[in-house]
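Next comes query-v3.txt, with compact mmCIF, N, CA and C atoms.
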# COMPACT_ATOMS: atom_id res chain seq x y z
N MET A 1 139.31 91.31 -10.32
CA MET A 1 139.45 90.98 -8.93
C MET A 1 140.90 91.22 -8.47
N ARG A 2 141.85 90.75 -9.26
CA ARG A 2 143.25 90.92 -8.91
C ARG A 2 143.61 92.41 -8.86
N PHE A 3 143.09 93.18 -9.79
CA PHE A 3 143.33 94.61 -9.83
C PHE A 3 142.82 95.27 -8.55
N PHE A 4 141.65 94.88 -8.10
CA PHE A 4 141.04 95.44 -6.89
C PHE A 4 141.91 95.14 -5.66
N LEU A 5 142.43 93.94 -5.55
CA LEU A 5 143.29 93.57 -4.42
C LEU A 5 144.59 94.36 -4.44
N ILE A 6 145.16 94.56 -5.64
CA ILE A 6 146.39 95.34 -5.76
C ILE A 6 146.13 96.79 -5.37
N LEU A 7 145.01 97.33 -5.82
CA LEU A 7 144.63 98.70 -5.49
C LEU A 7 144.41 98.86 -3.98
N LEU A 8 143.76 97.90 -3.36
CA LEU A 8 143.51 97.92 -1.92
C LEU A 8 144.82 97.84 -1.14
N ALA A 9 145.74 96.99 -1.57
CA ALA A 9 147.03 96.87 -0.91
C ALA A 9 147.82 98.17 -1.04
N LEU A 10 147.79 98.76 -2.22
CA LEU A 10 148.49 100.03 -2.45
C LEU A 10 147.90 101.13 -1.58
N ALA A 11 146.59 101.18 -1.45
CA ALA A 11 145.94 102.18 -0.59
C ALA A 11 146.38 101.98 0.86
N GLY A 12 146.46 100.73 1.30
CA GLY A 12 146.90 100.45 2.67
C GLY A 12 148.33 100.90 2.91
N ILE A 13 149.19 100.65 1.95
CA ILE A 13 150.59 101.06 2.06
C ILE A 13 150.69 102.58 2.12
N LEU A 14 149.93 103.27 1.28
CA LEU A 14 149.95 104.73 1.28
C LEU A 14 149.43 105.30 2.59
N LEU A 15 148.39 104.69 3.15
CA LEU A 15 147.87 105.14 4.44
C LEU A 15 148.91 105.01 5.54
N VAL A 16 149.62 103.90 5.54
CA VAL A 16 150.66 103.69 6.55
C VAL A 16 151.78 104.70 6.37
N MET A 17 152.17 104.93 5.13
CA MET A 17 153.28 105.84 4.86
C MET A 17 152.94 107.29 5.21
N PHE A 18 151.70 107.70 4.96
CA PHE A 18 151.34 109.10 5.12
C PHE A 18 150.36 109.35 6.27
N LYS A 19 150.29 108.45 7.25
CA LYS A 19 149.32 108.60 8.32
C LYS A 19 149.56 109.86 9.16
N ASP A 20 150.81 110.30 9.27
CA ASP A 20 151.09 111.50 10.04
C ASP A 20 150.67 112.77 9.30
N LYS A 21 150.56 112.70 8.01
CA LYS A 21 150.22 113.87 7.21
C LYS A 21 148.72 113.99 6.93
N LEU A 22 147.96 112.94 7.22
CA LEU A 22 146.53 112.97 6.98
C LEU A 22 145.80 113.28 8.29
N PRO A 23 145.17 114.46 8.37
CA PRO A 23 144.58 114.88 9.64
C PRO A 23 143.46 113.96 10.14
N PHE A 24 142.74 113.33 9.25
CA PHE A 24 141.64 112.47 9.70
C PHE A 24 142.13 111.16 10.32
N LEU A 25 143.42 110.84 10.20
CA LEU A 25 143.97 109.63 10.81
C LEU A 25 144.65 109.91 12.15
N LYS A 26 144.89 111.19 12.45
CA LYS A 26 145.57 111.53 13.69
C LYS A 26 144.61 111.42 14.87
N LYS A 27 145.15 110.94 15.98
CA LYS A 27 144.37 110.91 17.22
C LYS A 27 144.40 112.31 17.82
N PRO A 28 143.30 112.76 18.37
CA PRO A 28 143.32 114.09 18.99
C PRO A 28 144.25 114.08 20.21
N GLU A 29 145.02 115.12 20.33
CA GLU A 29 145.94 115.23 21.47
C GLU A 29 145.17 115.81 22.64
N THR A 30 145.25 115.11 23.76
CA THR A 30 144.56 115.58 24.96
C THR A 30 145.59 115.80 26.06
N GLN A 31 145.43 116.87 26.74
CA GLN A 31 146.28 117.19 27.88
C GLN A 31 145.54 116.78 29.15
N PRO A 32 146.24 116.19 30.12
CA PRO A 32 145.56 115.84 31.36
C PRO A 32 145.08 117.10 32.08
N SER A 33 143.90 117.00 32.65
CA SER A 33 143.36 118.15 33.36
C SER A 33 144.06 118.30 34.70
N ALA A 34 143.85 119.42 35.35
CA ALA A 34 144.46 119.66 36.66
C ALA A 34 144.00 118.61 37.66
N ASP A 35 142.73 118.20 37.56
CA ASP A 35 142.21 117.17 38.46
C ASP A 35 142.92 115.84 38.24
N ASP A 36 143.18 115.49 36.98
CA ASP A 36 143.86 114.23 36.67
C ASP A 36 145.29 114.24 37.21
N LYS A 37 145.94 115.40 37.16
CA LYS A 37 147.32 115.48 37.62
C LYS A 37 147.40 115.30 39.13
N GLN A 38 146.36 115.76 39.84
CA GLN A 38 146.38 115.66 41.30
C GLN A 38 146.02 114.27 41.79
N LYS A 39 145.25 113.53 41.00
CA LYS A 39 144.82 112.20 41.40
C LYS A 39 145.93 111.19 41.14
N THR A 40 146.23 110.39 42.13
CA THR A 40 147.14 109.27 41.93
C THR A 40 146.44 108.05 42.49
N PRO A 41 146.57 106.91 41.85
CA PRO A 41 145.91 105.72 42.36
C PRO A 41 146.39 105.42 43.78
N SER A 42 145.51 104.83 44.57
CA SER A 42 145.83 104.57 45.97
C SER A 42 146.97 103.57 46.14
N ASN A 43 147.20 102.72 45.14
CA ASN A 43 148.27 101.74 45.26
C ASN A 43 149.59 102.24 44.67
N THR A 44 149.65 103.50 44.26
CA THR A 44 150.86 104.06 43.70
C THR A 44 151.67 104.72 44.80
N VAL A 45 152.93 104.41 44.86
CA VAL A 45 153.83 105.00 45.83
C VAL A 45 154.76 105.92 45.06
N LYS A 46 154.87 107.16 45.52
CA LYS A 46 155.70 108.12 44.80
C LYS A 46 157.14 107.65 44.73
N SER A 47 157.67 107.21 45.87
CA SER A 47 159.03 106.70 45.88
C SER A 47 159.13 105.64 46.96
N ASP A 48 159.38 104.41 46.56
CA ASP A 48 159.46 103.32 47.52
C ASP A 48 160.79 103.30 48.26
N PHE A 49 161.82 103.78 47.62
CA PHE A 49 163.15 103.74 48.22
C PHE A 49 163.79 105.11 48.12
N PRO A 50 164.62 105.49 49.08
CA PRO A 50 165.04 104.74 50.25
C PRO A 50 163.87 104.54 51.21
N MET A 51 163.97 103.48 51.98
CA MET A 51 162.90 103.09 52.89
C MET A 51 163.48 103.03 54.31
N SER A 52 162.83 103.71 55.24
CA SER A 52 163.28 103.72 56.62
C SER A 52 162.11 104.11 57.51
N LYS A 53 162.38 104.34 58.78
CA LYS A 53 161.33 104.71 59.72
C LYS A 53 160.53 105.89 59.16
N GLY A 54 159.21 105.75 59.19
CA GLY A 54 158.33 106.76 58.62
C GLY A 54 157.78 106.37 57.26
N SER A 55 158.39 105.36 56.62
CA SER A 55 157.91 104.90 55.32
C SER A 55 156.61 104.13 55.48
N THR A 56 155.83 104.10 54.42
CA THR A 56 154.59 103.34 54.41
C THR A 56 154.46 102.61 53.08
N GLY A 57 153.62 101.59 53.06
CA GLY A 57 153.33 100.91 51.80
C GLY A 57 153.44 99.41 51.88
N ILE A 58 153.29 98.81 50.73
CA ILE A 58 153.25 97.35 50.63
C ILE A 58 154.58 96.70 50.99
N TYR A 59 155.69 97.37 50.69
CA TYR A 59 156.99 96.79 51.02
C TYR A 59 157.23 96.80 52.53
N VAL A 60 156.76 97.83 53.20
CA VAL A 60 156.85 97.87 54.66
C VAL A 60 156.02 96.72 55.24
N LYS A 61 154.85 96.51 54.64
CA LYS A 61 153.97 95.43 55.08
C LYS A 61 154.66 94.06 54.94
N GLN A 62 155.35 93.85 53.82
CA GLN A 62 156.07 92.59 53.61
C GLN A 62 157.18 92.43 54.65
N LEU A 63 157.87 93.52 54.94
CA LEU A 63 158.93 93.49 55.95
C LEU A 63 158.34 93.15 57.32
N GLN A 64 157.21 93.75 57.65
CA GLN A 64 156.58 93.49 58.94
C GLN A 64 156.13 92.03 59.06
N LYS A 65 155.63 91.47 57.97
CA LYS A 65 155.24 90.05 57.99
C LYS A 65 156.45 89.18 58.26
N ALA A 66 157.58 89.50 57.63
CA ALA A 66 158.80 88.73 57.84
C ALA A 66 159.30 88.87 59.28
N LEU A 67 159.04 90.03 59.88
CA LEU A 67 159.44 90.26 61.26
C LEU A 67 158.49 89.58 62.25
N GLY A 68 157.32 89.20 61.77
CA GLY A 68 156.33 88.56 62.64
C GLY A 68 155.60 89.54 63.53
N ILE A 69 155.47 90.79 63.06
CA ILE A 69 154.74 91.79 63.83
C ILE A 69 153.51 92.23 63.05
N LYS A 70 152.68 93.06 63.69
CA LYS A 70 151.47 93.55 63.03
C LYS A 70 151.84 94.22 61.71
N ASP A 71 151.23 93.76 60.64
CA ASP A 71 151.58 94.27 59.31
C ASP A 71 150.57 95.33 58.85
N ASP A 72 150.75 96.54 59.41
CA ASP A 72 149.86 97.64 59.04
C ASP A 72 150.40 98.50 57.90
N GLY A 73 151.63 98.24 57.47
CA GLY A 73 152.22 98.97 56.35
C GLY A 73 152.83 100.30 56.72
N ALA A 74 152.89 100.60 58.02
CA ALA A 74 153.50 101.86 58.47
C ALA A 74 154.71 101.53 59.35
N TRP A 75 155.88 102.02 58.96
CA TRP A 75 157.12 101.75 59.67
C TRP A 75 157.25 102.74 60.82
N GLY A 76 156.88 102.25 62.00
CA GLY A 76 156.96 103.09 63.19
C GLY A 76 157.93 102.51 64.19
N ASN A 77 157.70 102.83 65.47
CA ASN A 77 158.60 102.40 66.54
C ASN A 77 158.66 100.87 66.66
N MET A 78 157.50 100.20 66.50
CA MET A 78 157.47 98.74 66.65
C MET A 78 158.31 98.06 65.55
N THR A 79 158.17 98.52 64.32
CA THR A 79 158.96 97.96 63.22
C THR A 79 160.44 98.24 63.43
N GLN A 80 160.75 99.45 63.83
CA GLN A 80 162.15 99.82 64.07
C GLN A 80 162.77 98.94 65.15
N LYS A 81 162.06 98.75 66.27
CA LYS A 81 162.57 97.93 67.37
C LYS A 81 162.73 96.48 66.95
N ALA A 82 161.76 95.95 66.19
CA ALA A 82 161.84 94.57 65.72
C ALA A 82 163.06 94.37 64.83
N LEU A 83 163.36 95.33 63.97
CA LEU A 83 164.55 95.25 63.11
C LEU A 83 165.83 95.28 63.94
N GLU A 84 165.87 96.19 64.91
CA GLU A 84 167.06 96.29 65.76
C GLU A 84 167.26 95.00 66.55
N ASP A 85 166.16 94.43 67.10
CA ASP A 85 166.24 93.19 67.86
C ASP A 85 166.74 92.03 66.99
N ALA A 86 166.34 92.05 65.71
CA ALA A 86 166.73 90.98 64.78
C ALA A 86 168.12 91.25 64.19
N LYS A 87 168.73 92.36 64.58
CA LYS A 87 170.03 92.77 64.04
C LYS A 87 170.00 92.86 62.51
N ALA A 88 168.88 93.36 62.01
CA ALA A 88 168.68 93.55 60.57
C ALA A 88 168.91 95.03 60.24
N PRO A 89 169.15 95.34 58.98
CA PRO A 89 169.32 96.74 58.60
C PRO A 89 168.07 97.56 58.97
N THR A 90 168.28 98.82 59.31
CA THR A 90 167.16 99.68 59.68
C THR A 90 166.82 100.71 58.60
N SER A 91 167.36 100.50 57.42
CA SER A 91 166.98 101.28 56.24
C SER A 91 167.37 100.49 55.00
N PHE A 92 166.67 100.77 53.91
CA PHE A 92 166.91 100.04 52.67
C PHE A 92 166.96 101.03 51.52
N GLN A 93 168.03 100.93 50.72
CA GLN A 93 168.21 101.82 49.59
C GLN A 93 167.65 101.26 48.29
N SER A 94 167.39 99.94 48.28
CA SER A 94 166.92 99.32 47.04
C SER A 94 166.08 98.10 47.35
N MET A 95 165.39 97.63 46.36
CA MET A 95 164.58 96.42 46.48
C MET A 95 165.47 95.22 46.79
N ALA A 96 166.66 95.19 46.22
CA ALA A 96 167.58 94.07 46.45
C ALA A 96 167.96 93.98 47.93
N GLU A 97 168.23 95.13 48.55
CA GLU A 97 168.56 95.14 49.98
C GLU A 97 167.38 94.64 50.82
N LEU A 98 166.18 95.10 50.47
CA LEU A 98 164.98 94.68 51.20
C LEU A 98 164.75 93.18 51.06
N GLU A 99 164.86 92.67 49.84
CA GLU A 99 164.65 91.24 49.60
C GLU A 99 165.67 90.40 50.36
N LYS A 100 166.90 90.87 50.44
CA LYS A 100 167.95 90.16 51.17
C LYS A 100 167.61 90.10 52.67
N ALA A 101 167.15 91.21 53.21
CA ALA A 101 166.78 91.25 54.64
C ALA A 101 165.58 90.35 54.92
N ILE A 102 164.58 90.39 54.05
CA ILE A 102 163.39 89.54 54.24
C ILE A 102 163.79 88.08 54.17
N ALA A 103 164.66 87.72 53.23
CA ALA A 103 165.13 86.33 53.12
C ALA A 103 165.86 85.91 54.39
N MET A 104 166.69 86.81 54.93
CA MET A 104 167.42 86.52 56.17
C MET A 104 166.44 86.32 57.33
N LEU A 105 165.44 87.19 57.42
CA LEU A 105 164.45 87.08 58.50
C LEU A 105 163.65 85.79 58.39
N ASN A 106 163.26 85.44 57.16
CA ASN A 106 162.50 84.19 56.95
C ASN A 106 163.35 82.96 57.27
N ALA A 107 164.63 83.00 56.92
CA ALA A 107 165.53 81.88 57.23
C ALA A 107 165.71 81.75 58.74
N HIS A 108 165.82 82.89 59.42
CA HIS A 108 165.96 82.87 60.88
C HIS A 108 164.71 82.28 61.53
N LYS A 109 163.54 82.68 61.02
CA LYS A 109 162.27 82.14 61.54
C LYS A 109 162.20 80.63 61.32
N ALA A 110 162.60 80.18 60.14
CA ALA A 110 162.56 78.75 59.82
C ALA A 110 163.51 77.99 60.73
N ALA A 111 164.68 78.55 60.98
CA ALA A 111 165.65 77.88 61.87
C ALA A 111 165.10 77.78 63.28
N GLN A 112 164.42 78.81 63.75
CA GLN A 112 163.82 78.78 65.07
C GLN A 112 162.73 77.70 65.16
N ASN A 113 161.97 77.55 64.10
CA ASN A 113 160.92 76.54 64.09
C ASN A 113 161.52 75.13 64.12
N ILE A 114 162.64 74.92 63.47
CA ILE A 114 163.31 73.63 63.46
C ILE A 114 163.83 73.31 64.86
N ILE A 115 164.39 74.33 65.52
CA ILE A 115 164.94 74.14 66.88
C ILE A 115 163.83 73.75 67.85
N LYS A 116 162.63 74.33 67.67
CA LYS A 116 161.50 74.03 68.55
C LYS A 116 161.05 72.57 68.42
N ILE A 117 161.23 72.00 67.24
CA ILE A 117 160.79 70.63 66.99
C ILE A 117 161.71 69.69 67.63
Could I get this structure in the form of structure tokens?
Amino acid sequence: MRFFLILLALAGILLVMFKDKLPFLKKPETQPSADDKQKTPSNTVKSDFPMSKGSTGIYVKQLQKALGIKDDGAWGNMTQKALEDAKAPTSFQSMAELEKAIAMLNAHKAAQNIIKI
């Protein structure tokens, strides 16, 4: 019994050591087809930043919610005007810049709500 366990352990070690050299252990290499290369998931954005007028996506939607305007995810004239009226940046180079602006807009909204009370 002990001999069998030692033999089994040795076989496992050899398989791990030589897995690249044993063809039956290699995974077949597959290349993506032309159709796969053209398909991108609907929630994938090629480049989120820089972000400015004409941008679309979930981050624009978050910005629009913070601005209190229709959140359709497309940065058009209404989003641009709302940013200008709020004296907020009208373009964002990074997620950090966007998060800072959203935090400022949310703080401004909260302050307005306190004043109303």
Point to revise | Point-to-point distance in Å for atom CA of A:Ile115 and atom C of A:Met78 | key: 24.9 Å
Review point. For A:Asn106, which residue among A:Ala74, A:Ala88, A:Val60, A:Leu67 is the nearest when counting only C-alpha atoms?
Key: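 For A:Asn106, the nearest of the given residues is A:Leu67.
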**Study point:** Nearest-residue call for A:Lys61, choices A:Trp75, A:Lys109, A:Lys81, A:Phe92, using only C-alpha atoms
**Key:** A:Trp75
Point to revise | Atom pair atom CA of A:Ala82 / atom CA of A:Lys53: separation (Å) | key: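 Atom-to-atom, atom CA of A:Ala82 to atom CA of A:Lys53, that is 11.8 Å.
Put simply, atom C of A:Ser55 is 15.2 Å away from atom N of A:Glu99.
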Please enclose the listed atoms of stretch 84-103 of chain A in an axis-aligned box, pad each side by 4 Å, and write out the centre and the three edge lengths in Å, rounded to one decimal, as lines of an AutoDock Vina configuration file.
center_x = 166.7
center_y = 93.9
center_z = 57.0
size_x = 14.6
size_y = 23.9
size_z = 29.6
Review point. From the set A:Arg2, A:Ala110, A:Ala103, A:Leu98, which residue has the shortest atom-to-atom contact distance to A:Pro50, counting only C-alpha atoms?
Key: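 Among A:Arg2, A:Ala110, A:Ala103, A:Leu98, it is A:Leu98 that comes nearest to A:Pro50.
Near A:Ser52, within 8 Å and counting all atoms listed in the file, sit A:Trp75, A:Gly76, A:Gln80, A:Thr90, A:Ser91, A:Phe92, A:Gln93, not including residues fewer than 6 positions from it in the same chain.
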Expected file: the selected residues, N, CA and C atoms, as a PDB file, in the frame of the given file:
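What landed in result35.pdb:
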ATOM      1  N   TRP A  75     155.880 102.020  58.960  1.00  0.00           N
ATOM      2  CA  TRP A  75     157.120 101.750  59.670  1.00  0.00           C
ATOM      3  C   TRP A  75     157.250 102.740  60.820  1.00  0.00           C
ATOM      4  N   GLY A  76     156.880 102.250  62.000  1.00  0.00           N
ATOM      5  CA  GLY A  76     156.960 103.090  63.190  1.00  0.00           C
ATOM      6  C   GLY A  76     157.930 102.510  64.190  1.00  0.00           C
ATOM      7  N   GLN A  80     160.750  99.450  63.830  1.00  0.00           N
ATOM      8  CA  GLN A  80     162.150  99.820  64.070  1.00  0.00           C
ATOM      9  C   GLN A  80     162.770  98.940  65.150  1.00  0.00           C
ATOM     10  N   THR A  90     168.280  98.820  59.310  1.00  0.00           N
ATOM     11  CA  THR A  90     167.160  99.680  59.680  1.00  0.00           C
ATOM     12  C   THR A  90     166.820 100.710  58.600  1.00  0.00           C
ATOM     13  N   SER A  91     167.360 100.500  57.420  1.00  0.00           N
ATOM     14  CA  SER A  91     166.980 101.280  56.240  1.00  0.00           C
ATOM     15  C   SER A  91     167.370 100.490  55.000  1.00  0.00           C
ATOM     16  N   PHE A  92     166.670 100.770  53.910  1.00  0.00           N
ATOM     17  CA  PHE A  92     166.910 100.040  52.670  1.00  0.00           C
ATOM     18  C   PHE A  92     166.960 101.030  51.520  1.00  0.00           C
ATOM     19  N   GLN A  93     168.030 100.930  50.720  1.00  0.00           N
ATOM     20  CA  GLN A  93     168.210 101.820  49.590  1.00  0.00           C
ATOM     21  C   GLN A  93     167.650 101.260  48.290  1.00  0.00           C
TER      22      GLN A  93
END
Point to revise | Nearest-residue call for A:Ala66, choices A:Leu105, A:Pro89, A:Thr79, A:Lys100, using only N, CA and C atoms | key: A:Leu105
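Distances from A:Asp85, A:Ala96, A:Asn113, A:Gly73 to A:Tyr59 were compared using all atoms listed in the file, and the smallest one belongs to A:Gly73.
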Review point. A:Ile13, A:Ala111, A:Ile102, A:Leu83: which is nearest A:Gln62, counting all atoms listed in the file?
Key: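 Closest to A:Gln62 of all the choices is A:Ile102.
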